[in-house]
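Visitor: Pasting in a structure now, in C-alpha coordinates, and then I'll have a few things to ask.
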Amino acid sequence: MTGKTTKAIILTALLAALTTVATMIIRIPSPMASGYIHLGDGMVLLCGILLGPGMGAAAAGIGSMLADLFAGAVAYLPGTLVIKALTALVAGWLYHRMAGRTARNTGLRVALAGIPAEIVMVAGYYIYEAGMQVMAGSTAGAAAAAVLAGVPFNMVQGLAGIVVCAVLLPVLRHASKETGRINI
(Lines give C-alpha, C1' and ligand atoms only; values in the text may rest on other atoms or scores of the structure.)
Protein backbone atom coordinates (compact mmCIF):
# COMPACT_ATOMS: atom_id res chain seq x y z
CA MET A 1 0.00 0.00 0.00
CA THR A 2 1.19 3.48 -0.74
CA GLY A 3 1.16 6.25 1.83
CA LYS A 4 -1.70 7.94 -0.04
CA THR A 5 -3.82 4.77 0.04
CA THR A 6 -3.14 4.27 3.74
CA LYS A 7 -4.09 7.89 4.45
CA ALA A 8 -7.35 7.50 2.49
CA ILE A 9 -8.28 4.33 4.38
CA ILE A 10 -7.51 5.95 7.74
CA LEU A 11 -9.53 9.07 6.92
CA THR A 12 -12.44 6.93 5.71
CA ALA A 13 -12.44 4.89 8.92
CA LEU A 14 -12.09 8.02 11.04
CA LEU A 15 -15.00 9.75 9.32
CA ALA A 16 -17.12 6.59 9.61
CA ALA A 17 -16.44 6.54 13.35
CA LEU A 18 -17.17 10.27 13.69
CA THR A 19 -20.43 9.77 11.79
CA THR A 20 -21.43 7.04 14.23
CA VAL A 21 -20.63 9.22 17.23
CA ALA A 22 -22.34 12.34 15.81
CA THR A 23 -25.45 10.28 15.11
CA MET A 24 -25.55 8.82 18.61
CA ILE A 25 -24.37 11.70 20.79
CA ILE A 26 -27.40 13.99 20.47
CA ARG A 27 -30.64 12.18 19.64
CA ILE A 28 -33.98 13.93 19.72
CA PRO A 29 -36.79 11.38 19.35
CA SER A 30 -39.30 12.36 16.69
CA PRO A 31 -42.76 11.98 18.23
CA MET A 32 -44.60 10.98 15.04
CA ALA A 33 -41.88 8.94 13.35
CA SER A 34 -40.01 5.82 14.33
CA GLY A 35 -36.59 7.46 14.28
CA TYR A 36 -34.87 10.43 15.82
CA ILE A 37 -33.33 13.73 14.76
CA HIS A 38 -29.53 13.81 15.10
CA LEU A 39 -26.43 15.66 13.93
CA GLY A 40 -25.02 12.72 12.00
CA ASP A 41 -26.28 14.06 8.68
CA GLY A 42 -23.73 16.86 8.96
CA MET A 43 -21.03 14.19 9.09
CA VAL A 44 -22.68 12.30 6.21
CA LEU A 45 -22.35 15.41 4.04
CA LEU A 46 -18.80 16.00 5.27
CA CYS A 47 -17.89 12.43 4.33
CA GLY A 48 -18.97 13.00 0.74
CA ILE A 49 -17.29 16.39 0.52
CA LEU A 50 -14.00 15.55 2.24
CA LEU A 51 -13.47 12.04 0.88
CA GLY A 52 -15.19 12.42 -2.47
CA PRO A 53 -18.30 10.59 -3.58
CA GLY A 54 -16.96 7.00 -3.51
CA MET A 55 -15.05 6.76 -0.24
CA GLY A 56 -17.41 9.31 1.31
CA ALA A 57 -20.37 7.07 0.51
CA ALA A 58 -18.63 4.13 2.17
CA ALA A 59 -17.77 6.10 5.32
CA ALA A 60 -21.22 7.68 5.62
CA GLY A 61 -23.12 4.46 4.98
CA ILE A 62 -21.05 2.35 7.35
CA GLY A 63 -20.90 5.00 10.08
CA SER A 64 -24.64 5.63 9.99
CA MET A 65 -25.43 1.93 9.86
CA LEU A 66 -23.25 1.32 12.92
CA ALA A 67 -25.18 4.00 14.81
CA ASP A 68 -28.41 2.16 14.00
CA LEU A 69 -26.84 -1.14 15.06
CA PHE A 70 -25.71 0.29 18.41
CA ALA A 71 -29.16 1.88 18.90
CA GLY A 72 -30.83 -1.49 18.31
CA ALA A 73 -32.61 -0.39 15.13
CA VAL A 74 -31.75 -3.60 13.28
CA ALA A 75 -34.61 -3.28 10.78
CA TYR A 76 -33.04 -0.04 9.52
CA LEU A 77 -29.51 -1.40 8.92
CA PRO A 78 -29.78 -2.13 5.17
CA GLY A 79 -31.84 0.98 4.48
CA THR A 80 -29.53 3.28 6.41
CA LEU A 81 -26.43 1.83 4.75
CA VAL A 82 -27.80 2.53 1.27
CA ILE A 83 -29.64 5.79 1.99
CA LYS A 84 -26.78 7.49 3.83
CA ALA A 85 -24.25 6.24 1.28
CA LEU A 86 -26.36 7.72 -1.53
CA THR A 87 -26.73 10.96 0.42
CA ALA A 88 -22.95 11.32 0.76
CA LEU A 89 -22.42 10.27 -2.86
CA VAL A 90 -24.78 12.97 -4.14
CA ALA A 91 -23.33 15.63 -1.82
CA GLY A 92 -19.74 14.79 -2.71
CA TRP A 93 -20.38 14.58 -6.43
CA LEU A 94 -22.29 17.87 -6.57
CA TYR A 95 -19.85 19.72 -4.29
CA HIS A 96 -16.87 18.71 -6.39
CA ARG A 97 -18.69 19.45 -9.67
CA MET A 98 -19.15 23.04 -8.48
CA ALA A 99 -15.46 23.52 -7.70
CA GLY A 100 -14.78 25.92 -10.56
CA ARG A 101 -18.05 27.82 -10.40
CA THR A 102 -18.44 28.78 -6.74
CA ALA A 103 -15.05 27.80 -5.34
CA ARG A 104 -14.80 30.69 -2.89
CA ASN A 105 -18.22 30.37 -1.28
CA THR A 106 -18.02 27.16 0.73
CA GLY A 107 -21.37 27.73 2.47
CA LEU A 108 -23.18 28.17 -0.82
CA ARG A 109 -21.55 25.04 -2.25
CA VAL A 110 -22.52 23.06 0.86
CA ALA A 111 -26.12 24.25 0.56
CA LEU A 112 -26.32 23.60 -3.19
CA ALA A 113 -24.87 20.11 -2.74
CA GLY A 114 -26.59 19.41 0.57
CA ILE A 115 -30.17 20.18 -0.41
CA PRO A 116 -30.44 17.58 -3.20
CA ALA A 117 -28.47 15.11 -1.07
CA GLU A 118 -30.85 15.53 1.86
CA ILE A 119 -33.82 15.17 -0.49
CA VAL A 120 -32.35 11.75 -1.32
CA MET A 121 -32.28 11.00 2.42
CA VAL A 122 -35.87 12.12 3.03
CA ALA A 123 -37.21 10.27 -0.02
CA GLY A 124 -35.10 7.21 0.76
CA TYR A 125 -36.45 6.83 4.27
CA TYR A 126 -39.99 7.50 3.10
CA ILE A 127 -39.75 4.68 0.55
CA TYR A 128 -37.92 2.35 2.95
CA GLU A 129 -40.35 2.88 5.83
CA ALA A 130 -43.38 2.50 3.56
CA GLY A 131 -41.87 -0.74 2.28
CA MET A 132 -41.40 -1.96 5.85
CA GLN A 133 -45.08 -1.21 6.56
CA VAL A 134 -46.18 -3.11 3.46
CA MET A 135 -43.98 -6.08 4.41
CA ALA A 136 -45.66 -6.02 7.83
CA GLY A 137 -49.05 -6.46 6.17
CA SER A 138 -50.27 -2.92 5.57
CA THR A 139 -51.70 -1.81 2.25
CA ALA A 140 -49.53 0.46 0.09
CA GLY A 141 -51.88 3.43 0.56
CA ALA A 142 -52.06 3.03 4.33
CA ALA A 143 -48.29 2.57 4.53
CA ALA A 144 -47.64 5.68 2.46
CA ALA A 145 -49.97 7.71 4.66
CA ALA A 146 -48.52 6.31 7.89
CA VAL A 147 -44.90 7.15 7.13
CA LEU A 148 -45.75 10.60 5.77
CA ALA A 149 -45.70 11.89 9.36
CA GLY A 150 -41.93 11.28 9.52
CA VAL A 151 -41.11 13.41 6.48
CA PRO A 152 -41.07 16.79 8.31
CA PHE A 153 -38.75 15.38 10.97
CA ASN A 154 -36.38 14.00 8.33
CA MET A 155 -36.46 17.40 6.62
CA VAL A 156 -35.45 19.10 9.89
CA GLN A 157 -32.68 16.54 10.31
CA GLY A 158 -31.47 17.21 6.76
CA LEU A 159 -31.49 20.96 7.30
CA ALA A 160 -29.56 20.54 10.54
CA GLY A 161 -27.05 18.40 8.63
CA ILE A 162 -26.52 21.12 6.03
CA VAL A 163 -25.96 23.73 8.76
CA VAL A 164 -23.57 21.47 10.69
CA CYS A 165 -21.60 20.74 7.52
CA ALA A 166 -21.49 24.41 6.48
CA VAL A 167 -20.14 25.35 9.91
CA LEU A 168 -17.65 22.48 10.31
CA LEU A 169 -16.14 22.41 6.82
CA PRO A 170 -14.43 25.83 6.99
CA VAL A 171 -13.27 25.11 10.55
CA LEU A 172 -11.73 21.79 9.49
CA ARG A 173 -10.08 23.42 6.47
CA HIS A 174 -8.62 26.20 8.61
CA ALA A 175 -7.37 23.74 11.21
CA SER A 176 -5.75 21.55 8.56
CA LYS A 177 -3.96 24.56 7.04
CA GLU A 178 -2.74 25.67 10.48
CA THR A 179 -1.32 22.28 11.39
CA GLY A 180 -0.22 21.34 7.90
CA ARG A 181 -1.09 17.73 8.65
CA ILE A 182 -4.18 16.94 6.61
CA ASN A 183 -5.17 18.57 3.36
CA ILE A 184 -8.90 19.22 3.44
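Chain labels run A, B, ... following the order of the C-alpha coordinates; each chain numbers its residues from 1, and ligands are numbered from 1 in the order shown.
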Using DSSP on the backbone, list every residue of region 63-133 of chain A that comes out as alpha helix (DSSP H), and give them as a ChimeraX atom specification.

Guide: /A:63-71,77-97,106-133

Visitor: Might you pull out every residue within 6 Å of region 115-121 of chain A, with only C-alpha atoms counted and same-chain residues fewer than 2 positions away left off, and present them as a PyMOL selection string?

Guide: chain A and resi 83+87+90-91+111-113+123-124+158

Visitor: Pick out the residues sitting within 10 Å of region 94-97 of chain A, and hand them over as a PDB file with all heavy atoms, in the first residue's frame; count only C-alpha atoms, and ignore anything fewer than 3 positions along from it in its own chain.

Guide:
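Once everything was written out, this is result_1.pdb:
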ATOM      1  N   LEU A  45     -22.707  14.462   5.098  1.00  0.00           N
ATOM      2  CA  LEU A  45     -22.345  15.405   4.044  1.00  0.00           C
ATOM      3  C   LEU A  45     -20.840  15.657   4.021  1.00  0.00           C
ATOM      4  O   LEU A  45     -20.223  15.711   2.946  1.00  0.00           O
ATOM      5  CB  LEU A  45     -23.099  16.723   4.221  1.00  0.00           C
ATOM      6  CG  LEU A  45     -24.621  16.640   4.124  1.00  0.00           C
ATOM      7  CD1 LEU A  45     -25.246  17.994   4.426  1.00  0.00           C
ATOM      8  CD2 LEU A  45     -25.069  16.122   2.771  1.00  0.00           C
ATOM      9  N   GLY A  48     -18.942  12.871   2.197  1.00  0.00           N
ATOM     10  CA  GLY A  48     -18.971  13.001   0.741  1.00  0.00           C
ATOM     11  C   GLY A  48     -18.086  14.111   0.229  1.00  0.00           C
ATOM     12  O   GLY A  48     -17.414  13.977  -0.794  1.00  0.00           O
ATOM     13  N   ILE A  49     -18.064  15.227   0.954  1.00  0.00           N
ATOM     14  CA  ILE A  49     -17.290  16.386   0.517  1.00  0.00           C
ATOM     15  C   ILE A  49     -15.796  16.171   0.742  1.00  0.00           C
ATOM     16  O   ILE A  49     -14.987  16.443  -0.141  1.00  0.00           O
ATOM     17  CB  ILE A  49     -17.794  17.657   1.231  1.00  0.00           C
ATOM     18  CG1 ILE A  49     -19.197  18.012   0.702  1.00  0.00           C
ATOM     19  CG2 ILE A  49     -16.824  18.817   1.059  1.00  0.00           C
ATOM     20  CD1 ILE A  49     -19.921  19.075   1.501  1.00  0.00           C
ATOM     21  N   LEU A  50     -15.415  15.692   1.913  1.00  0.00           N
ATOM     22  CA  LEU A  50     -13.999  15.550   2.241  1.00  0.00           C
ATOM     23  C   LEU A  50     -13.335  14.360   1.558  1.00  0.00           C
ATOM     24  O   LEU A  50     -12.178  14.441   1.153  1.00  0.00           O
ATOM     25  CB  LEU A  50     -13.813  15.432   3.759  1.00  0.00           C
ATOM     26  CG  LEU A  50     -14.212  16.649   4.580  1.00  0.00           C
ATOM     27  CD1 LEU A  50     -14.049  16.353   6.062  1.00  0.00           C
ATOM     28  CD2 LEU A  50     -13.388  17.870   4.178  1.00  0.00           C
ATOM     29  N   GLY A  52     -14.719  12.626  -1.106  1.00  0.00           N
ATOM     30  CA  GLY A  52     -15.185  12.415  -2.472  1.00  0.00           C
ATOM     31  C   GLY A  52     -16.364  11.468  -2.444  1.00  0.00           C
ATOM     32  O   GLY A  52     -16.647  10.825  -1.429  1.00  0.00           O
ATOM     33  N   PRO A  53     -17.068  11.368  -3.570  1.00  0.00           N
ATOM     34  CA  PRO A  53     -18.304  10.589  -3.585  1.00  0.00           C
ATOM     35  C   PRO A  53     -18.137   9.110  -3.235  1.00  0.00           C
ATOM     36  O   PRO A  53     -18.955   8.560  -2.496  1.00  0.00           O
ATOM     37  CB  PRO A  53     -18.823  10.742  -5.010  1.00  0.00           C
ATOM     38  CG  PRO A  53     -17.997  11.774  -5.662  1.00  0.00           C
ATOM     39  CD  PRO A  53     -16.789  12.023  -4.826  1.00  0.00           C
ATOM     40  N   ALA A  88     -24.344  10.845   0.839  1.00  0.00           N
ATOM     41  CA  ALA A  88     -22.950  11.317   0.761  1.00  0.00           C
ATOM     42  C   ALA A  88     -22.451  11.331  -0.679  1.00  0.00           C
ATOM     43  O   ALA A  88     -21.738  12.253  -1.085  1.00  0.00           O
ATOM     44  CB  ALA A  88     -22.051  10.432   1.617  1.00  0.00           C
ATOM     45  N   LEU A  89     -22.832  10.331  -1.449  1.00  0.00           N
ATOM     46  CA  LEU A  89     -22.415  10.268  -2.856  1.00  0.00           C
ATOM     47  C   LEU A  89     -22.921  11.488  -3.625  1.00  0.00           C
ATOM     48  O   LEU A  89     -22.160  12.145  -4.338  1.00  0.00           O
ATOM     49  CB  LEU A  89     -22.929   8.977  -3.491  1.00  0.00           C
ATOM     50  CG  LEU A  89     -22.472   8.758  -4.924  1.00  0.00           C
ATOM     51  CD1 LEU A  89     -21.851   7.387  -5.050  1.00  0.00           C
ATOM     52  CD2 LEU A  89     -23.626   8.884  -5.886  1.00  0.00           C
ATOM     53  N   VAL A  90     -24.201  11.819  -3.455  1.00  0.00           N
ATOM     54  CA  VAL A  90     -24.783  12.974  -4.145  1.00  0.00           C
ATOM     55  C   VAL A  90     -24.114  14.260  -3.676  1.00  0.00           C
ATOM     56  O   VAL A  90     -23.728  15.113  -4.486  1.00  0.00           O
ATOM     57  CB  VAL A  90     -26.316  13.029  -3.929  1.00  0.00           C
ATOM     58  CG1 VAL A  90     -26.897  14.355  -4.389  1.00  0.00           C
ATOM     59  CG2 VAL A  90     -26.991  11.870  -4.651  1.00  0.00           C
ATOM     60  N   ALA A  91     -23.947  14.413  -2.355  1.00  0.00           N
ATOM     61  CA  ALA A  91     -23.327  15.631  -1.822  1.00  0.00           C
ATOM     62  C   ALA A  91     -21.900  15.789  -2.326  1.00  0.00           C
ATOM     63  O   ALA A  91     -21.502  16.872  -2.770  1.00  0.00           O
ATOM     64  CB  ALA A  91     -23.353  15.610  -0.295  1.00  0.00           C
ATOM     65  N   GLY A 100     -15.216  24.777  -9.769  1.00  0.00           N
ATOM     66  CA  GLY A 100     -14.784  25.916 -10.556  1.00  0.00           C
ATOM     67  C   GLY A 100     -15.762  27.071 -10.555  1.00  0.00           C
ATOM     68  O   GLY A 100     -15.392  28.214 -10.774  1.00  0.00           O
ATOM     69  N   ARG A 101     -17.014  26.793 -10.273  1.00  0.00           N
ATOM     70  CA  ARG A 101     -18.052  27.823 -10.402  1.00  0.00           C
ATOM     71  C   ARG A 101     -18.210  28.674  -9.152  1.00  0.00           C
ATOM     72  O   ARG A 101     -18.354  29.879  -9.234  1.00  0.00           O
ATOM     73  CB  ARG A 101     -19.391  27.166 -10.745  1.00  0.00           C
ATOM     74  CG  ARG A 101     -19.371  26.505 -12.110  1.00  0.00           C
ATOM     75  CD  ARG A 101     -20.691  25.757 -12.345  1.00  0.00           C
ATOM     76  NE  ARG A 101     -20.672  25.059 -13.605  1.00  0.00           N
ATOM     77  CZ  ARG A 101     -20.191  23.842 -13.787  1.00  0.00           C
ATOM     78  NH1 ARG A 101     -19.673  23.186 -12.776  1.00  0.00           N
ATOM     79  NH2 ARG A 101     -20.224  23.278 -14.971  1.00  0.00           N
ATOM     80  N   THR A 102     -18.221  28.045  -7.997  1.00  0.00           N
ATOM     81  CA  THR A 102     -18.436  28.777  -6.744  1.00  0.00           C
ATOM     82  C   THR A 102     -17.373  28.385  -5.726  1.00  0.00           C
ATOM     83  O   THR A 102     -17.674  28.160  -4.559  1.00  0.00           O
ATOM     84  CB  THR A 102     -19.843  28.483  -6.179  1.00  0.00           C
ATOM     85  OG1 THR A 102     -19.963  27.073  -6.002  1.00  0.00           O
ATOM     86  CG2 THR A 102     -20.937  28.999  -7.060  1.00  0.00           C
ATOM     87  N   ALA A 103     -16.133  28.329  -6.172  1.00  0.00           N
ATOM     88  CA  ALA A 103     -15.053  27.804  -5.338  1.00  0.00           C
ATOM     89  C   ALA A 103     -14.864  28.588  -4.047  1.00  0.00           C
ATOM     90  O   ALA A 103     -14.531  28.018  -3.022  1.00  0.00           O
ATOM     91  CB  ALA A 103     -13.748  27.776  -6.130  1.00  0.00           C
ATOM     92  N   THR A 106     -17.845  28.515   0.207  1.00  0.00           N
ATOM     93  CA  THR A 106     -18.018  27.161   0.725  1.00  0.00           C
ATOM     94  C   THR A 106     -19.441  26.927   1.223  1.00  0.00           C
ATOM     95  O   THR A 106     -20.027  25.881   0.959  1.00  0.00           O
ATOM     96  CB  THR A 106     -17.012  26.886   1.858  1.00  0.00           C
ATOM     97  OG1 THR A 106     -15.700  27.071   1.344  1.00  0.00           O
ATOM     98  CG2 THR A 106     -17.152  25.486   2.403  1.00  0.00           C
ATOM     99  N   LEU A 108     -22.263  28.304   0.307  1.00  0.00           N
ATOM    100  CA  LEU A 108     -23.175  28.171  -0.822  1.00  0.00           C
ATOM    101  C   LEU A 108     -23.021  26.807  -1.482  1.00  0.00           C
ATOM    102  O   LEU A 108     -24.016  26.153  -1.804  1.00  0.00           O
ATOM    103  CB  LEU A 108     -22.923  29.281  -1.853  1.00  0.00           C
ATOM    104  CG  LEU A 108     -23.780  29.231  -3.119  1.00  0.00           C
ATOM    105  CD1 LEU A 108     -25.259  29.369  -2.781  1.00  0.00           C
ATOM    106  CD2 LEU A 108     -23.335  30.319  -4.097  1.00  0.00           C
ATOM    107  N   ARG A 109     -21.786  26.365  -1.656  1.00  0.00           N
ATOM    108  CA  ARG A 109     -21.554  25.040  -2.245  1.00  0.00           C
ATOM    109  C   ARG A 109     -22.119  23.938  -1.368  1.00  0.00           C
ATOM    110  O   ARG A 109     -22.695  22.971  -1.869  1.00  0.00           O
ATOM    111  CB  ARG A 109     -20.060  24.800  -2.478  1.00  0.00           C
ATOM    112  CG  ARG A 109     -19.532  25.513  -3.697  1.00  0.00           C
ATOM    113  CD  ARG A 109     -18.049  25.414  -3.821  1.00  0.00           C
ATOM    114  NE  ARG A 109     -17.584  24.065  -4.056  1.00  0.00           N
ATOM    115  CZ  ARG A 109     -16.307  23.706  -3.929  1.00  0.00           C
ATOM    116  NH1 ARG A 109     -15.394  24.579  -3.572  1.00  0.00           N
ATOM    117  NH2 ARG A 109     -15.945  22.471  -4.166  1.00  0.00           N
ATOM    118  N   VAL A 110     -21.967  24.061  -0.055  1.00  0.00           N
ATOM    119  CA  VAL A 110     -22.522  23.058   0.864  1.00  0.00           C
ATOM    120  C   VAL A 110     -24.043  23.036   0.731  1.00  0.00           C
ATOM    121  O   VAL A 110     -24.649  21.960   0.651  1.00  0.00           O
ATOM    122  CB  VAL A 110     -22.093  23.334   2.325  1.00  0.00           C
ATOM    123  CG1 VAL A 110     -22.906  22.496   3.303  1.00  0.00           C
ATOM    124  CG2 VAL A 110     -20.607  23.064   2.507  1.00  0.00           C
ATOM    125  N   ALA A 111     -24.664  24.195   0.682  1.00  0.00           N
ATOM    126  CA  ALA A 111     -26.122  24.247   0.560  1.00  0.00           C
ATOM    127  C   ALA A 111     -26.582  23.682  -0.781  1.00  0.00           C
ATOM    128  O   ALA A 111     -27.518  22.877  -0.833  1.00  0.00           O
ATOM    129  CB  ALA A 111     -26.617  25.690   0.720  1.00  0.00           C
ATOM    130  N   LEU A 112     -25.915  24.073  -1.867  1.00  0.00           N
ATOM    131  CA  LEU A 112     -26.321  23.600  -3.193  1.00  0.00           C
ATOM    132  C   LEU A 112     -26.093  22.103  -3.373  1.00  0.00           C
ATOM    133  O   LEU A 112     -26.825  21.445  -4.112  1.00  0.00           O
ATOM    134  CB  LEU A 112     -25.583  24.385  -4.286  1.00  0.00           C
ATOM    135  CG  LEU A 112     -25.984  25.850  -4.428  1.00  0.00           C
ATOM    136  CD1 LEU A 112     -25.081  26.558  -5.439  1.00  0.00           C
ATOM    137  CD2 LEU A 112     -27.446  25.982  -4.822  1.00  0.00           C
ATOM    138  N   ALA A 113     -25.099  21.558  -2.696  1.00  0.00           N
ATOM    139  CA  ALA A 113     -24.868  20.108  -2.744  1.00  0.00           C
ATOM    140  C   ALA A 113     -25.704  19.392  -1.689  1.00  0.00           C
ATOM    141  O   ALA A 113     -26.176  18.276  -1.912  1.00  0.00           O
ATOM    142  CB  ALA A 113     -23.388  19.803  -2.532  1.00  0.00           C
ATOM    143  N   GLY A 114     -25.895  20.043  -0.544  1.00  0.00           N
ATOM    144  CA  GLY A 114     -26.589  19.407   0.568  1.00  0.00           C
ATOM    145  C   GLY A 114     -28.084  19.269   0.379  1.00  0.00           C
ATOM    146  O   GLY A 114     -28.672  18.268   0.789  1.00  0.00           O
ATOM    147  N   PRO A 116     -30.040  18.782  -2.451  1.00  0.00           N
ATOM    148  CA  PRO A 116     -30.439  17.575  -3.201  1.00  0.00           C
ATOM    149  C   PRO A 116     -30.045  16.276  -2.482  1.00  0.00           C
ATOM    150  O   PRO A 116     -30.776  15.290  -2.525  1.00  0.00           O
ATOM    151  CB  PRO A 116     -29.692  17.698  -4.528  1.00  0.00           C
ATOM    152  CG  PRO A 116     -29.250  19.107  -4.623  1.00  0.00           C
ATOM    153  CD  PRO A 116     -29.154  19.626  -3.233  1.00  0.00           C
ATOM    154  N   ALA A 117     -28.902  16.303  -1.791  1.00  0.00           N
ATOM    155  CA  ALA A 117     -28.469  15.109  -1.065  1.00  0.00           C
ATOM    156  C   ALA A 117     -29.446  14.773   0.051  1.00  0.00           C
ATOM    157  O   ALA A 117     -29.797  13.602   0.248  1.00  0.00           O
ATOM    158  CB  ALA A 117     -27.064  15.317  -0.499  1.00  0.00           C
TER     159      ALA A 117
END

Visitor: If we count only C-alpha atoms and set the cut-off at 9 Å, which residues sit around Ala22 (chain A), ignoring sequence neighbours fewer than 4 positions away in its own chain? Please answer as a PyMOL selection string.

Guide: chain A and resi 17-18+26+38-43+67

Visitor: Would you compute the distance between CA of Leu148 (chain A) and CA of Thr19 (chain A)? Give it in Å to one decimal.

Guide: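 CA of Thr19 (chain A) lies 26.0 Å from CA of Leu148 (chain A).
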
Visitor: Identify, on the basis of only C-alpha atoms, every residue whose closest approach to Ser64 (chain A) does not exceed 8 Å; exclude the query and any residue fewer than 2 positions from it along the same chain; express the result as JSON, numbers by chain.

Guide: {"A": [16, 19, 20, 23, 40, 44, 60, 61, 62, 66, 67, 68, 80, 81, 84]}

Visitor: Write the residues of the selection above to a file with all heavy atoms, as an mmCIF file, in the first residue's frame.

Guide:
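Here's the written file out_4.cif:
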data_model
loop_
_atom_site.group_PDB
_atom_site.id
_atom_site.type_symbol
_atom_site.label_atom_id
_atom_site.label_comp_id
_atom_site.auth_asym_id
_atom_site.auth_seq_id
_atom_site.Cartn_x
_atom_site.Cartn_y
_atom_site.Cartn_z
ATOM 1 N N ALA A 16 -16.042 7.542 9.294
ATOM 2 C CA ALA A 16 -17.122 6.594 9.606
ATOM 3 C C ALA A 16 -17.372 6.573 11.111
ATOM 4 O O ALA A 16 -18.524 6.614 11.567
ATOM 5 C CB ALA A 16 -16.785 5.203 9.089
ATOM 6 N N THR A 19 -19.020 9.781 12.193
ATOM 7 C CA THR A 19 -20.427 9.771 11.786
ATOM 8 C C THR A 19 -21.255 8.977 12.786
ATOM 9 O O THR A 19 -22.352 9.401 13.177
ATOM 10 C CB THR A 19 -20.576 9.184 10.365
ATOM 11 O OG1 THR A 19 -19.814 9.982 9.463
ATOM 12 C CG2 THR A 19 -22.027 9.150 9.925
ATOM 13 N N THR A 20 -20.741 7.850 13.225
ATOM 14 C CA THR A 20 -21.431 7.039 14.229
ATOM 15 C C THR A 20 -21.628 7.837 15.512
ATOM 16 O O THR A 20 -22.733 7.904 16.058
ATOM 17 C CB THR A 20 -20.641 5.746 14.537
ATOM 18 O OG1 THR A 20 -20.451 5.013 13.335
ATOM 19 C CG2 THR A 20 -21.359 4.878 15.564
ATOM 20 N N THR A 23 -24.065 10.762 15.194
ATOM 21 C CA THR A 23 -25.446 10.284 15.111
ATOM 22 C C THR A 23 -25.972 9.883 16.482
ATOM 23 O O THR A 23 -27.143 10.093 16.788
ATOM 24 C CB THR A 23 -25.534 9.089 14.141
ATOM 25 O OG1 THR A 23 -25.035 9.496 12.868
ATOM 26 C CG2 THR A 23 -26.963 8.591 13.989
ATOM 27 N N GLY A 40 -25.827 13.578 12.866
ATOM 28 C CA GLY A 40 -25.022 12.717 12.003
ATOM 29 C C GLY A 40 -25.093 13.082 10.535
ATOM 30 O O GLY A 40 -24.149 12.813 9.780
ATOM 31 N N VAL A 44 -22.422 12.999 7.477
ATOM 32 C CA VAL A 44 -22.677 12.296 6.212
ATOM 33 C C VAL A 44 -22.275 13.200 5.046
ATOM 34 O O VAL A 44 -21.582 12.777 4.118
ATOM 35 C CB VAL A 44 -24.149 11.855 6.103
ATOM 36 C CG1 VAL A 44 -24.503 11.425 4.689
ATOM 37 C CG2 VAL A 44 -24.436 10.732 7.091
ATOM 38 N N ALA A 60 -19.912 7.223 5.135
ATOM 39 C CA ALA A 60 -21.219 7.679 5.620
ATOM 40 C C ALA A 60 -22.180 6.512 5.828
ATOM 41 O O ALA A 60 -22.874 6.443 6.845
ATOM 42 C CB ALA A 60 -21.818 8.685 4.638
ATOM 43 N N GLY A 61 -22.226 5.602 4.875
ATOM 44 C CA GLY A 61 -23.119 4.459 4.984
ATOM 45 C C GLY A 61 -22.764 3.557 6.149
ATOM 46 O O GLY A 61 -23.630 3.178 6.949
ATOM 47 N N ILE A 62 -21.487 3.237 6.272
ATOM 48 C CA ILE A 62 -21.046 2.348 7.351
ATOM 49 C C ILE A 62 -21.197 3.027 8.707
ATOM 50 O O ILE A 62 -21.699 2.430 9.663
ATOM 51 C CB ILE A 62 -19.594 1.876 7.101
ATOM 52 C CG1 ILE A 62 -19.557 0.955 5.884
ATOM 53 C CG2 ILE A 62 -19.020 1.193 8.340
ATOM 54 C CD1 ILE A 62 -18.165 0.657 5.357
ATOM 55 N N LEU A 66 -23.727 1.719 11.595
ATOM 56 C CA LEU A 66 -23.249 1.319 12.921
ATOM 57 C C LEU A 66 -24.019 2.022 14.035
ATOM 58 O O LEU A 66 -24.311 1.422 15.070
ATOM 59 C CB LEU A 66 -21.742 1.601 13.053
ATOM 60 C CG LEU A 66 -20.827 0.648 12.301
ATOM 61 C CD1 LEU A 66 -19.383 1.125 12.368
ATOM 62 C CD2 LEU A 66 -20.949 -0.774 12.848
ATOM 63 N N ALA A 67 -24.379 3.286 13.812
ATOM 64 C CA ALA A 67 -25.181 4.004 14.812
ATOM 65 C C ALA A 67 -26.527 3.315 14.996
ATOM 66 O O ALA A 67 -27.009 3.161 16.129
ATOM 67 C CB ALA A 67 -25.366 5.457 14.396
ATOM 68 N N ASP A 68 -27.148 2.889 13.900
ATOM 69 C CA ASP A 68 -28.415 2.159 14.003
ATOM 70 C C ASP A 68 -28.223 0.815 14.711
ATOM 71 O O ASP A 68 -29.056 0.408 15.516
ATOM 72 C CB ASP A 68 -29.024 1.923 12.619
ATOM 73 C CG ASP A 68 -29.814 3.121 12.115
ATOM 74 O OD1 ASP A 68 -29.936 4.125 12.851
ATOM 75 O OD2 ASP A 68 -30.304 3.054 10.973
ATOM 76 N N THR A 80 -30.443 2.203 6.019
ATOM 77 C CA THR A 80 -29.533 3.278 6.410
ATOM 78 C C THR A 80 -28.222 3.183 5.641
ATOM 79 O O THR A 80 -27.702 4.205 5.179
ATOM 80 C CB THR A 80 -29.280 3.239 7.928
ATOM 81 O OG1 THR A 80 -30.510 3.573 8.581
ATOM 82 C CG2 THR A 80 -28.215 4.230 8.346
ATOM 83 N N LEU A 81 -27.680 1.996 5.499
ATOM 84 C CA LEU A 81 -26.434 1.831 4.750
ATOM 85 C C LEU A 81 -26.569 2.431 3.357
ATOM 86 O O LEU A 81 -25.741 3.242 2.924
ATOM 87 C CB LEU A 81 -26.056 0.349 4.661
ATOM 88 C CG LEU A 81 -24.846 0.018 3.787
ATOM 89 C CD1 LEU A 81 -23.575 0.584 4.397
ATOM 90 C CD2 LEU A 81 -24.731 -1.489 3.588
ATOM 91 N N LYS A 84 -27.822 6.547 3.420
ATOM 92 C CA LYS A 84 -26.776 7.494 3.829
ATOM 93 C C LYS A 84 -25.596 7.465 2.852
ATOM 94 O O LYS A 84 -24.976 8.503 2.603
ATOM 95 C CB LYS A 84 -26.308 7.207 5.248
ATOM 96 C CG LYS A 84 -27.392 7.376 6.294
ATOM 97 C CD LYS A 84 -27.949 8.788 6.342
ATOM 98 C CE LYS A 84 -28.965 8.875 7.473
ATOM 99 N NZ LYS A 84 -29.360 10.228 7.792
#

Visitor: Mind giving me the straight-line distance from CA of Leu159 (chain A) to CA of Leu14 (chain A) in Å, one decimal?

Guide: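 Taking CA of Leu159 (chain A) as the start and CA of Leu14 (chain A) as the end point, the length is 23.6 Å.
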
Visitor: Write out as a PyMOL selection string each polymer residue whose atoms come within 9 Å of Ala144 (chain A), counting only C-alpha atoms; drop sequence neighbours fewer than 6 positions from it.

Guide: chain A and resi 126-127+129-131+133-134

Visitor: Just list the residues in region 7-135 of chain A DSSP gives strand (DSSP E) on the backbone, as a PyMOL selection string.

Guide: chain A and resi 27-29+36-38

Visitor: Would you mind telling me which residue in A:Ala99, A:Val82, A:Val122, A:Val171 lies nearest to Ala149 (chain A) when using only C-alpha atoms?

Guide: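 Between A:Ala99, A:Val82, A:Val122, A:Val171, the residue approaching Ala149 (chain A) most closely is A:Val122.
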